[in-house]
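Heads up, data-v3.tsv below (TSV, C-alpha atoms and all ligand atoms):
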chain	number	residue	atom	x	y	z
Y	1	MET	CA	0.00	0.00	0.00
Y	2	THR	CA	1.32	3.46	-0.90
Y	3	GLU	CA	1.86	5.73	2.10
Y	4	LYS	CA	0.21	9.16	1.87
Y	5	VAL	CA	2.54	12.07	2.51
Y	6	SER	CA	1.45	15.72	2.67
Y	7	ALA	CA	3.33	18.18	0.48
Y	8	GLY	CA	5.09	20.10	3.24
Y	9	GLU	CA	5.82	17.13	5.49
Y	10	ARG	CA	9.44	16.81	6.54
Y	11	ARG	CA	11.30	13.58	7.00
Y	12	GLU	CA	14.61	12.80	8.64
Y	13	VAL	CA	17.14	11.47	6.15
Y	14	ALA	CA	20.66	10.21	6.69
Y	15	MET	CA	23.07	9.25	3.95
Y	16	THR	CA	26.76	9.21	3.12
Y	17	VAL	CA	27.64	11.90	0.60
Y	18	ASN	CA	31.20	11.82	-0.77
Y	19	ALA	CA	32.28	9.75	2.23
Y	20	VAL	CA	30.79	12.21	4.73
Y	21	HIS	CA	27.78	11.26	6.87
Y	22	ARG	CA	24.93	13.74	6.38
Y	23	SER	CA	21.56	13.96	8.07
Y	24	ALA	CA	18.77	16.50	7.87
Y	25	ALA	CA	15.02	16.99	7.95
Y	26	VAL	CA	13.88	17.49	4.34
Y	27	GLU	CA	10.54	17.99	2.67
Y	28	ALA	CA	9.20	14.70	1.39
Y	29	ARG	CA	9.08	16.10	-2.15
Y	30	ARG	CA	12.64	17.51	-2.08
Y	31	THR	CA	14.60	16.06	-4.98
Y	32	LEU	CA	18.03	14.61	-4.37
Y	33	SER	CA	19.59	17.19	-6.71
Y	34	ASP	CA	17.98	20.05	-4.76
Y	35	TYR	CA	19.04	18.51	-1.46
Y	36	LEU	CA	22.64	18.24	-2.68
Y	37	ARG	CA	22.75	21.72	-4.18
Y	38	HIS	CA	20.67	23.81	-1.80
Y	39	ASP	CA	20.94	22.01	1.52
Y	40	LEU	CA	24.49	20.66	1.29
Y	41	GLY	CA	25.96	23.33	-1.00
Y	42	LEU	CA	27.29	20.74	-3.47
Y	43	THR	CA	26.58	22.82	-6.55
Y	44	GLY	CA	28.76	20.71	-8.83
Y	45	THR	CA	25.63	18.70	-9.58
Y	46	HIS	CA	23.84	20.72	-12.25
Y	47	VAL	CA	20.13	20.83	-12.98
Y	48	GLY	CA	19.04	21.38	-16.56
Y	49	CYS	CA	15.76	19.92	-17.76
Y	50	GLU	CA	14.46	18.75	-14.35
Y	51	HIS	CA	12.59	15.88	-15.96
Y	52	GLY	CA	15.14	13.17	-16.58
Y	53	VAL	CA	16.23	13.97	-20.12
Y	54	CYS	CA	19.55	15.84	-20.11
Y	55	GLY	CA	21.57	13.88	-17.55
Y	56	ALA	CA	23.27	16.98	-16.10
Y	57	CYS	CA	22.07	16.04	-12.61
Y	58	THR	CA	23.49	12.50	-12.68
Y	59	VAL	CA	25.00	11.34	-9.39
Y	60	LEU	CA	26.00	7.90	-8.17
Y	61	LEU	CA	23.70	6.14	-5.72
Y	62	ASP	CA	25.58	3.17	-4.27
Y	63	GLY	CA	27.77	3.40	-7.36
Y	64	GLU	CA	24.91	3.38	-9.87
Y	65	PRO	CA	24.13	6.47	-11.95
Y	66	VAL	CA	20.76	8.06	-11.20
Y	67	ARG	CA	19.05	11.26	-12.28
Y	68	GLY	CA	19.15	13.47	-9.19
Y	69	CYS	CA	16.11	15.37	-10.43
Y	70	LEU	CA	14.00	12.20	-10.49
Y	71	VAL	CA	15.00	10.77	-7.11
Y	72	PHE	CA	13.57	12.13	-3.88
Y	73	ALA	CA	16.09	12.84	-1.15
Y	74	VAL	CA	14.12	10.58	1.16
Y	75	SER	CA	14.66	7.73	-1.30
Y	76	ALA	CA	18.41	8.07	-0.77
Y	77	ASP	CA	18.01	7.61	2.98
Y	78	GLY	CA	20.56	5.05	4.18
Y	79	HIS	CA	22.44	5.02	0.89
Y	80	ARG	CA	25.80	6.21	-0.41
Y	81	VAL	CA	25.81	9.18	-2.79
Y	82	THR	CA	28.76	10.33	-4.88
Y	83	THR	CA	28.67	13.67	-6.66
Y	84	VAL	CA	31.20	15.18	-9.03
Y	85	GLU	CA	32.94	16.72	-6.01
Y	86	GLY	CA	33.62	13.22	-4.68
Y	87	LEU	CA	35.08	11.59	-7.80
Y	88	GLY	CA	38.70	12.54	-7.14
Y	89	GLN	CA	40.59	12.33	-3.90
Y	90	LEU	CA	39.36	14.56	-1.10
Y	91	ASP	CA	41.37	16.46	1.47
Y	92	GLU	CA	40.79	16.28	5.25
Y	93	SER	CA	37.95	18.81	5.04
Y	94	GLY	CA	36.18	16.90	2.29
Y	95	ASP	CA	37.15	19.29	-0.52
Y	96	PRO	CA	38.44	17.96	-3.88
Y	97	ALA	CA	42.24	17.61	-3.80
Y	98	SER	CA	43.03	15.70	-6.99
Y	99	LEU	CA	41.38	14.71	-10.25
Y	100	SER	CA	39.99	11.25	-10.94
Y	101	PRO	CA	41.14	9.44	-14.10
Y	102	VAL	CA	37.89	10.42	-15.84
Y	103	GLN	CA	38.38	14.07	-14.90
Y	104	ARG	CA	41.99	13.91	-16.10
Y	105	ALA	CA	40.83	12.41	-19.37
Y	106	PHE	CA	38.34	15.25	-19.87
Y	107	ARG	CA	41.12	17.74	-19.35
Y	108	ASP	CA	43.52	15.86	-21.65
Y	109	CYS	CA	40.97	15.52	-24.46
Y	110	HIS	CA	39.40	18.97	-24.07
Y	111	ALA	CA	36.05	17.23	-23.60
Y	112	LEU	CA	34.22	20.23	-22.21
Y	113	GLN	CA	33.45	23.75	-23.22
Y	114	CYS	CA	30.84	25.59	-21.11
Y	115	GLY	CA	30.98	22.70	-18.61
Y	116	PHE	CA	27.29	22.66	-17.75
Y	117	CYS	CA	26.81	19.04	-18.80
Y	118	THR	CA	30.20	17.92	-17.52
Y	119	PRO	CA	29.35	16.74	-13.98
Y	120	GLY	CA	26.71	14.41	-15.40
Y	121	PHE	CA	29.11	13.01	-17.98
Y	122	LEU	CA	31.85	12.51	-15.38
Y	123	THR	CA	29.61	10.55	-13.03
Y	124	THR	CA	28.02	8.57	-15.86
Y	125	ILE	CA	31.38	7.59	-17.34
Y	126	THR	CA	32.81	6.74	-13.92
Y	127	ALA	CA	29.99	4.25	-13.43
Y	128	GLY	CA	30.23	3.04	-17.03
Y	129	LEU	CA	33.94	2.27	-16.79
Y	130	ALA	CA	33.41	0.46	-13.49
Y	131	THR	CA	31.13	-1.90	-15.41
Y	132	ASN	CA	33.13	-1.99	-18.64
Y	133	PRO	CA	36.75	-0.92	-18.07
Y	134	HIS	CA	37.84	-1.53	-21.68
Y	135	PRO	CA	35.11	-0.16	-23.94
Y	136	THR	CA	35.33	-0.03	-27.70
Y	137	ARG	CA	34.61	3.32	-29.31
Y	138	GLU	CA	31.11	2.11	-30.12
Y	139	GLN	CA	30.58	1.11	-26.47
Y	140	ALA	CA	31.92	4.50	-25.37
Y	141	VAL	CA	29.30	6.18	-27.55
Y	142	GLU	CA	26.64	3.96	-26.00
Y	143	MET	CA	27.94	4.75	-22.50
Y	144	ILE	CA	27.22	8.47	-22.90
Y	145	ALA	CA	24.03	8.11	-24.94
Y	146	GLY	CA	21.82	9.27	-22.07
Y	147	ASN	CA	23.60	12.59	-21.54
Y	148	LEU	CA	23.13	15.74	-23.60
Y	149	CYS	CA	25.82	18.28	-24.47
Y	150	ARG	CA	25.04	21.40	-26.47
Y	151	CYS	CA	28.66	22.46	-27.04
Y	152	THR	CA	31.16	19.75	-27.88
Y	153	GLY	CA	29.66	17.60	-30.62
Y	154	TYR	CA	30.48	14.59	-28.39
Y	155	GLN	CA	33.61	13.43	-30.27
Y	156	ASN	CA	36.03	14.71	-27.62
Y	157	ILE	CA	33.85	13.21	-24.90
Y	158	VAL	CA	34.07	9.81	-26.59
Y	159	ASP	CA	37.84	10.31	-26.85
Y	160	ALA	CA	37.84	11.07	-23.11
Y	161	VAL	CA	36.02	7.83	-22.30
Y	162	LEU	CA	38.74	5.88	-24.10
Y	163	ARG	CA	41.50	8.00	-22.54
Y	164	ALA	CA	40.02	7.44	-19.07
Y	165	ALA	CA	40.04	3.68	-19.70
Y	166	GLU	CA	43.71	3.98	-20.62
Y	167	LEU	CA	44.53	5.96	-17.47
Y	168	MET	CA	42.65	3.50	-15.28
Y	169	SER	CA	44.56	0.53	-16.70
Y	170	ASP	CA	47.95	2.25	-16.32
Y	171	PRO	CA	48.98	2.13	-12.65
Y	172	ASP	CA	51.50	4.97	-13.08
Y	173	ALA	CA	49.08	7.28	-14.87
Y	174	ALA	CA	46.45	6.63	-12.22
Y	175	GLN	CA	48.59	8.10	-9.43
Y	176	PRO	CA	47.14	11.13	-7.58
Y	177	ASP	CA	47.23	14.20	-9.76
Y	178	ARG	CA	47.44	17.26	-7.54
Y	179	PHE	CA	45.99	20.51	-8.86
Y	180	ALA	CA	49.04	22.45	-7.74
Y	181	GLU	CA	51.46	19.99	-9.35
Y	182	ASP	CA	49.49	20.19	-12.59
Y	183	ALA	CA	49.81	23.96	-12.66
Y	184	ASP	CA	53.58	23.71	-12.10
Y	185	ALA	CA	54.02	20.96	-14.69
Y	186	ALA	CA	52.00	22.43	-17.55
Y	187	PRO	CA	53.56	25.51	-19.14
Y	188	ALA	CA	51.05	27.74	-20.89
Y	189	ASP	CA	52.70	27.33	-24.30
Y	190	ASP	CA	52.76	23.53	-24.08
Y	191	PRO	CA	49.16	22.24	-23.94
Y	192	PRO	CA	48.48	18.56	-23.20
Y	193	ALA	CA	48.44	16.18	-26.17
Y	194	GLY	CA	45.05	16.04	-27.84
Y	195	ARG	CA	43.96	19.43	-26.60
Y	196	ARG	CA	42.11	21.52	-29.16
Y	197	ASP	CA	42.39	25.28	-29.01
Y	198	SER	CA	39.14	27.20	-28.68
Y	199	ARG	CA	37.64	28.46	-31.88
Y	200	PRO	CA	36.72	32.13	-32.17
Y	201	GLY	CA	33.50	32.71	-30.27
Y	202	GLU	CA	33.85	29.64	-28.09
Y	203	SER	CA	33.93	30.12	-24.37
Y	204	GLU	CA	36.97	29.01	-22.42
Y	205	PRO	CA	36.64	25.56	-20.91
Y	206	SER	CA	35.63	25.28	-17.32
Y	207	SER	CA	37.58	23.21	-14.83
Y	208	ALA	CA	37.45	19.44	-15.12
Y	209	ASP	CA	35.74	19.05	-11.76
Y	210	GLY	CA	32.64	20.39	-13.46
Y	211	THR	CA	32.70	23.87	-11.99
Y	212	PRO	CA	31.94	26.47	-14.67
Y	213	ALA	CA	34.70	29.00	-15.19
Y	301	LIG	S1	18.13	17.93	-14.79
Y	301	LIG	FE1	17.87	15.84	-14.33
Y	301	LIG	S2	17.95	14.84	-16.25
Y	301	LIG	FE2	18.03	16.96	-16.75
Y	302	LIG	S1	26.66	21.68	-22.66
Y	302	LIG	FE1	28.32	20.28	-22.73
Y	302	LIG	S2	30.10	21.54	-22.60
Y	302	LIG	FE2	28.44	22.94	-22.78
Is it possible to express this structure as structure tokens?
Ligand code: FES
Ligand code: FES
Amino acid sequence: MTEKVSAGERREVAMTVNAVHRSAAVEARRTLSDYLRHDLGLTGTHVGCEHGVCGACTVLLDGEPVRGCLVFAVSADGHRVTTVEGLGQLDESGDPASLSPVQRAFRDCHALQCGFCTPGFLTTITAGLATNPHPTREQAVEMIAGNLCRCTGYQNIVDAVLRAAELMSDPDAAQPDRFAEDADAAPADDPPAGRRDSRPGESEPSSADGTPA
């Protein structure tokens, strides 16, 4: 039997978000994406269509990709949530400290432009590669088929899926990749291999953790 819940009713929820235990009283109709963004301040999860089409709000629920705009926060009670902020290594205060292989691949392949869709792609691909660590190009295309991007034309994102698979299978390349060390190691006149310069009129890429520039 379906339990009746009034619109403004609040429920206690407790979940692990990016390895941190979180609990709060939330409205029963609060979506997981709104809970993450507005209650926890994790604005890396973006909200586009709000009806399950674009994939920008994708987060991992116990490792599985879900649309944050279609899941109620109360449904995540007792579960483990990973947002784009939690894909890389975190420092003691829970802030991102290094890029994950998928984030590194996006940077290497210039797989983002405005960056709005990027958090959803990063989480989707992270889950996809956990299931299929050695995808063919065709499988990489299939892996991202549920996410929309208005800027890139997808080719560089497919390249990034394959690059991420490479990085994940290379123990040396998968070592922690500190932001500060990256800045020191990458001179401005020597862009990473595979990077494409912006065309006139294109916006500069945002950071690979999905935060718009
Ligand atoms: S905002 Fe959730 S799928 Fe578009
Ligand atoms: S919508 Fe994908 S980079 Fe802009």
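Taking all atoms listed in the file into account, those protein, DNA and RNA residues with any atom at most 7 Å away from (34.8, 12.8, 4.1) amount to Asn18, Ala19, Val20, Ser93 and Gly94 of chain Y.
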Review point. Which distance in Å separates atom CA of Ala160 of chain Y and atom CA of Val102 of chain Y, to one decimal?
Key: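 Going from atom CA of Ala160 of chain Y over to atom CA of Val102 of chain Y, I get 7.3 Å.
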Review point. So which residues touch segment 74-77 of chain Y within 9 Å, counting only C-alpha atoms, skipping near sequence neighbours fewer than 3 positions away, as a PyMOL selection string?
Key: chain Y and resi 11-16+23+26-32+61+71+80-81
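Considering the residues Y:Ala56, Y:Cys117, Y:Leu70, Y:Ala165 and counting only C-alpha atoms, Arg104 of chain Y has its shortest atom-to-atom contact with Y:Ala165.
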Exercise for review: Would you mind listing the residues within 9 Å of ligand LIG 302 (chain Y), counting all atoms listed in the file, as number ranges by chain?
Suggested key: Y: 56, 111-118, 121, 148-154, 205-206
Same residues, C-alpha atoms, output as a PDB file, in the coordinates of the input:
ATOM      1  CA  ALA Y  56      23.270  16.980 -16.100  1.00  0.00           C
ATOM      2  CA  ALA Y 111      36.050  17.230 -23.600  1.00  0.00           C
ATOM      3  CA  LEU Y 112      34.220  20.230 -22.210  1.00  0.00           C
ATOM      4  CA  GLN Y 113      33.450  23.750 -23.220  1.00  0.00           C
ATOM      5  CA  CYS Y 114      30.840  25.590 -21.110  1.00  0.00           C
ATOM      6  CA  GLY Y 115      30.980  22.700 -18.610  1.00  0.00           C
ATOM      7  CA  PHE Y 116      27.290  22.660 -17.750  1.00  0.00           C
ATOM      8  CA  CYS Y 117      26.810  19.040 -18.800  1.00  0.00           C
ATOM      9  CA  THR Y 118      30.200  17.920 -17.520  1.00  0.00           C
ATOM     10  CA  PHE Y 121      29.110  13.010 -17.980  1.00  0.00           C
ATOM     11  CA  LEU Y 148      23.130  15.740 -23.600  1.00  0.00           C
ATOM     12  CA  CYS Y 149      25.820  18.280 -24.470  1.00  0.00           C
ATOM     13  CA  ARG Y 150      25.040  21.400 -26.470  1.00  0.00           C
ATOM     14  CA  CYS Y 151      28.660  22.460 -27.040  1.00  0.00           C
ATOM     15  CA  THR Y 152      31.160  19.750 -27.880  1.00  0.00           C
ATOM     16  CA  GLY Y 153      29.660  17.600 -30.620  1.00  0.00           C
ATOM     17  CA  TYR Y 154      30.480  14.590 -28.390  1.00  0.00           C
ATOM     18  CA  PRO Y 205      36.640  25.560 -20.910  1.00  0.00           C
ATOM     19  CA  SER Y 206      35.630  25.280 -17.320  1.00  0.00           C
TER      20      SER Y 206
END
Check your understanding: Which one is closest to ligand LIG 301 (chain Y): Y:Gly120, Y:Asp62, Y:Leu99, Y:Leu42? Count only C-alpha atoms and all ligand atoms.
Key ->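 Smallest separation from ligand LIG 301 (chain Y) among the options: Y:Gly120.
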Study note, to complete from the structure: In terms of only C-alpha atoms, the residue from Y:Cys54, Y:Ile157, Y:Val17, Y:Leu36 at minimal distance from Asp108 of chain Y is Y:Ile157
Kindly provide the residues of chain Y that approach ligand LIG 301 (chain Y) to within 6 Å, each paired with its closest atom pair and their distance in Å to one decimal, based on all atoms listed in the file, listed by chain and increasing number, as a tab-separated table.
residue	atom	partner	partner_atom	distance
Y:Val47	CA	Y:LIG301	S1	4.0
Y:Gly48	CA	Y:LIG301	S1	4.0
Y:Cys49	CA	Y:LIG301	FE2	3.9
Y:Glu50	CA	Y:LIG301	S1	3.8
Y:His51	CA	Y:LIG301	S2	5.5
Y:Gly52	CA	Y:LIG301	S2	3.3
Y:Val53	CA	Y:LIG301	S2	4.3
Y:Cys54	CA	Y:LIG301	FE2	3.9
Y:Gly55	CA	Y:LIG301	S2	4.0
Y:Ala56	CA	Y:LIG301	FE2	5.3
Y:Cys57	CA	Y:LIG301	FE1	4.5
Y:Arg67	CA	Y:LIG301	FE1	5.2
Y:Gly68	CA	Y:LIG301	FE1	5.8
Y:Cys69	CA	Y:LIG301	FE1	4.3
Check your understanding: Which residue gives the smallest distance to Pro65 of chain Y among Y:Arg163, Y:Met168, Y:Ala127, Y:Thr136, with only C-alpha atoms counted?
Key -> Y:Ala127
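Separating atom CA of Met143 of chain Y from atom CA of His110 of chain Y is a distance of 18.3 Å.
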Review point. Suppose you want the space between atom CA of Val161 of chain Y and atom CA of Ile125 of chain Y; what is it in Å?
Key: 6.8 Å
Name the residues in contact with Pro96 of chain Y at a cut-off of 9 Å, using all atoms listed in the file, excluding same-chain residues fewer than 5 positions from it; report them as a PDB file with C-alpha atoms, keeping the file's coordinate frame.
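Output contents, as saved in around.pdb:
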ATOM      1  CA  GLU Y  85      32.940  16.720  -6.010  1.00  0.00           C
ATOM      2  CA  GLY Y  86      33.620  13.220  -4.680  1.00  0.00           C
ATOM      3  CA  LEU Y  87      35.080  11.590  -7.800  1.00  0.00           C
ATOM      4  CA  GLY Y  88      38.700  12.540  -7.140  1.00  0.00           C
ATOM      5  CA  GLN Y  89      40.590  12.330  -3.900  1.00  0.00           C
ATOM      6  CA  LEU Y  90      39.360  14.560  -1.100  1.00  0.00           C
ATOM      7  CA  ASP Y  91      41.370  16.460   1.470  1.00  0.00           C
ATOM      8  CA  ASP Y 209      35.740  19.050 -11.760  1.00  0.00           C
TER       9      ASP Y 209
END
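Ranking Y:Ser6, Y:Thr43, Y:Gln103, Y:Thr131 by their shortest atom-to-atom distance to Ala164 of chain Y, with all atoms listed in the file included, puts Y:Gln103 first.
For the set Y:Asp39, Y:Gly8, Y:Pro135, Y:Ala97, the residue with the smallest atom-to-atom gap to Ala73 of chain Y is Y:Asp39, counting only C-alpha atoms.
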Any chance you could model N, CA and C atoms for segment 6-23 of chain Y and send them as an mmCIF file, in the coordinates of the input?
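Everything below was put into part_34.cif:
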data_model
loop_
_atom_site.group_PDB
_atom_site.id
_atom_site.type_symbol
_atom_site.label_atom_id
_atom_site.label_comp_id
_atom_site.auth_asym_id
_atom_site.auth_seq_id
_atom_site.Cartn_x
_atom_site.Cartn_y
_atom_site.Cartn_z
ATOM 1 N N SER Y 6 1.878 14.368 3.042
ATOM 2 C CA SER Y 6 1.450 15.720 2.670
ATOM 3 C C SER Y 6 2.631 16.490 2.101
ATOM 4 N N ALA Y 7 2.308 17.489 1.269
ATOM 5 C CA ALA Y 7 3.330 18.180 0.480
ATOM 6 C C ALA Y 7 4.438 18.781 1.346
ATOM 7 N N GLY Y 8 4.076 19.406 2.449
ATOM 8 C CA GLY Y 8 5.090 20.100 3.240
ATOM 9 C C GLY Y 8 5.717 19.246 4.329
ATOM 10 N N GLU Y 9 5.321 17.998 4.403
ATOM 11 C CA GLU Y 9 5.820 17.130 5.490
ATOM 12 C C GLU Y 9 7.328 16.943 5.387
ATOM 13 N N ARG Y 10 7.987 16.986 6.519
ATOM 14 C CA ARG Y 10 9.440 16.810 6.540
ATOM 15 C C ARG Y 10 9.779 15.447 7.108
ATOM 16 N N ARG Y 11 10.837 14.895 6.554
ATOM 17 C CA ARG Y 11 11.300 13.580 7.000
ATOM 18 C C ARG Y 11 12.787 13.672 7.346
ATOM 19 N N GLU Y 12 13.193 12.897 8.309
ATOM 20 C CA GLU Y 12 14.610 12.800 8.640
ATOM 21 C C GLU Y 12 15.290 11.873 7.633
ATOM 22 N N VAL Y 13 16.370 12.336 7.042
ATOM 23 C CA VAL Y 13 17.140 11.470 6.150
ATOM 24 C C VAL Y 13 18.593 11.448 6.619
ATOM 25 N N ALA Y 14 19.237 10.343 6.381
ATOM 26 C CA ALA Y 14 20.660 10.210 6.690
ATOM 27 C C ALA Y 14 21.309 9.425 5.558
ATOM 28 N N MET Y 15 22.387 9.941 5.054
ATOM 29 C CA MET Y 15 23.070 9.250 3.950
ATOM 30 C C MET Y 15 24.547 9.632 3.976
ATOM 31 N N THR Y 16 25.347 8.876 3.258
ATOM 32 C CA THR Y 16 26.760 9.210 3.120
ATOM 33 C C THR Y 16 26.949 9.907 1.787
ATOM 34 N N VAL Y 17 27.427 11.144 1.825
ATOM 35 C CA VAL Y 17 27.640 11.900 0.600
ATOM 36 C C VAL Y 17 29.137 12.187 0.476
ATOM 37 N N ASN Y 18 29.756 11.652 -0.564
ATOM 38 C CA ASN Y 18 31.200 11.820 -0.770
ATOM 39 C C ASN Y 18 31.975 11.453 0.499
ATOM 40 N N ALA Y 19 31.609 10.327 1.059
ATOM 41 C CA ALA Y 19 32.280 9.750 2.230
ATOM 42 C C ALA Y 19 32.033 10.508 3.531
ATOM 43 N N VAL Y 20 31.113 11.474 3.507
ATOM 44 C CA VAL Y 20 30.790 12.210 4.730
ATOM 45 C C VAL Y 20 29.353 11.883 5.130
ATOM 46 N N HIS Y 21 29.141 11.558 6.408
ATOM 47 C CA HIS Y 21 27.780 11.260 6.870
ATOM 48 C C HIS Y 21 26.980 12.556 6.954
ATOM 49 N N ARG Y 22 25.790 12.554 6.380
ATOM 50 C CA ARG Y 22 24.930 13.740 6.380
ATOM 51 C C ARG Y 22 23.547 13.346 6.877
ATOM 52 N N SER Y 23 22.938 14.207 7.674
ATOM 53 C CA SER Y 23 21.560 13.960 8.070
ATOM 54 C C SER Y 23 20.840 15.299 8.157
#
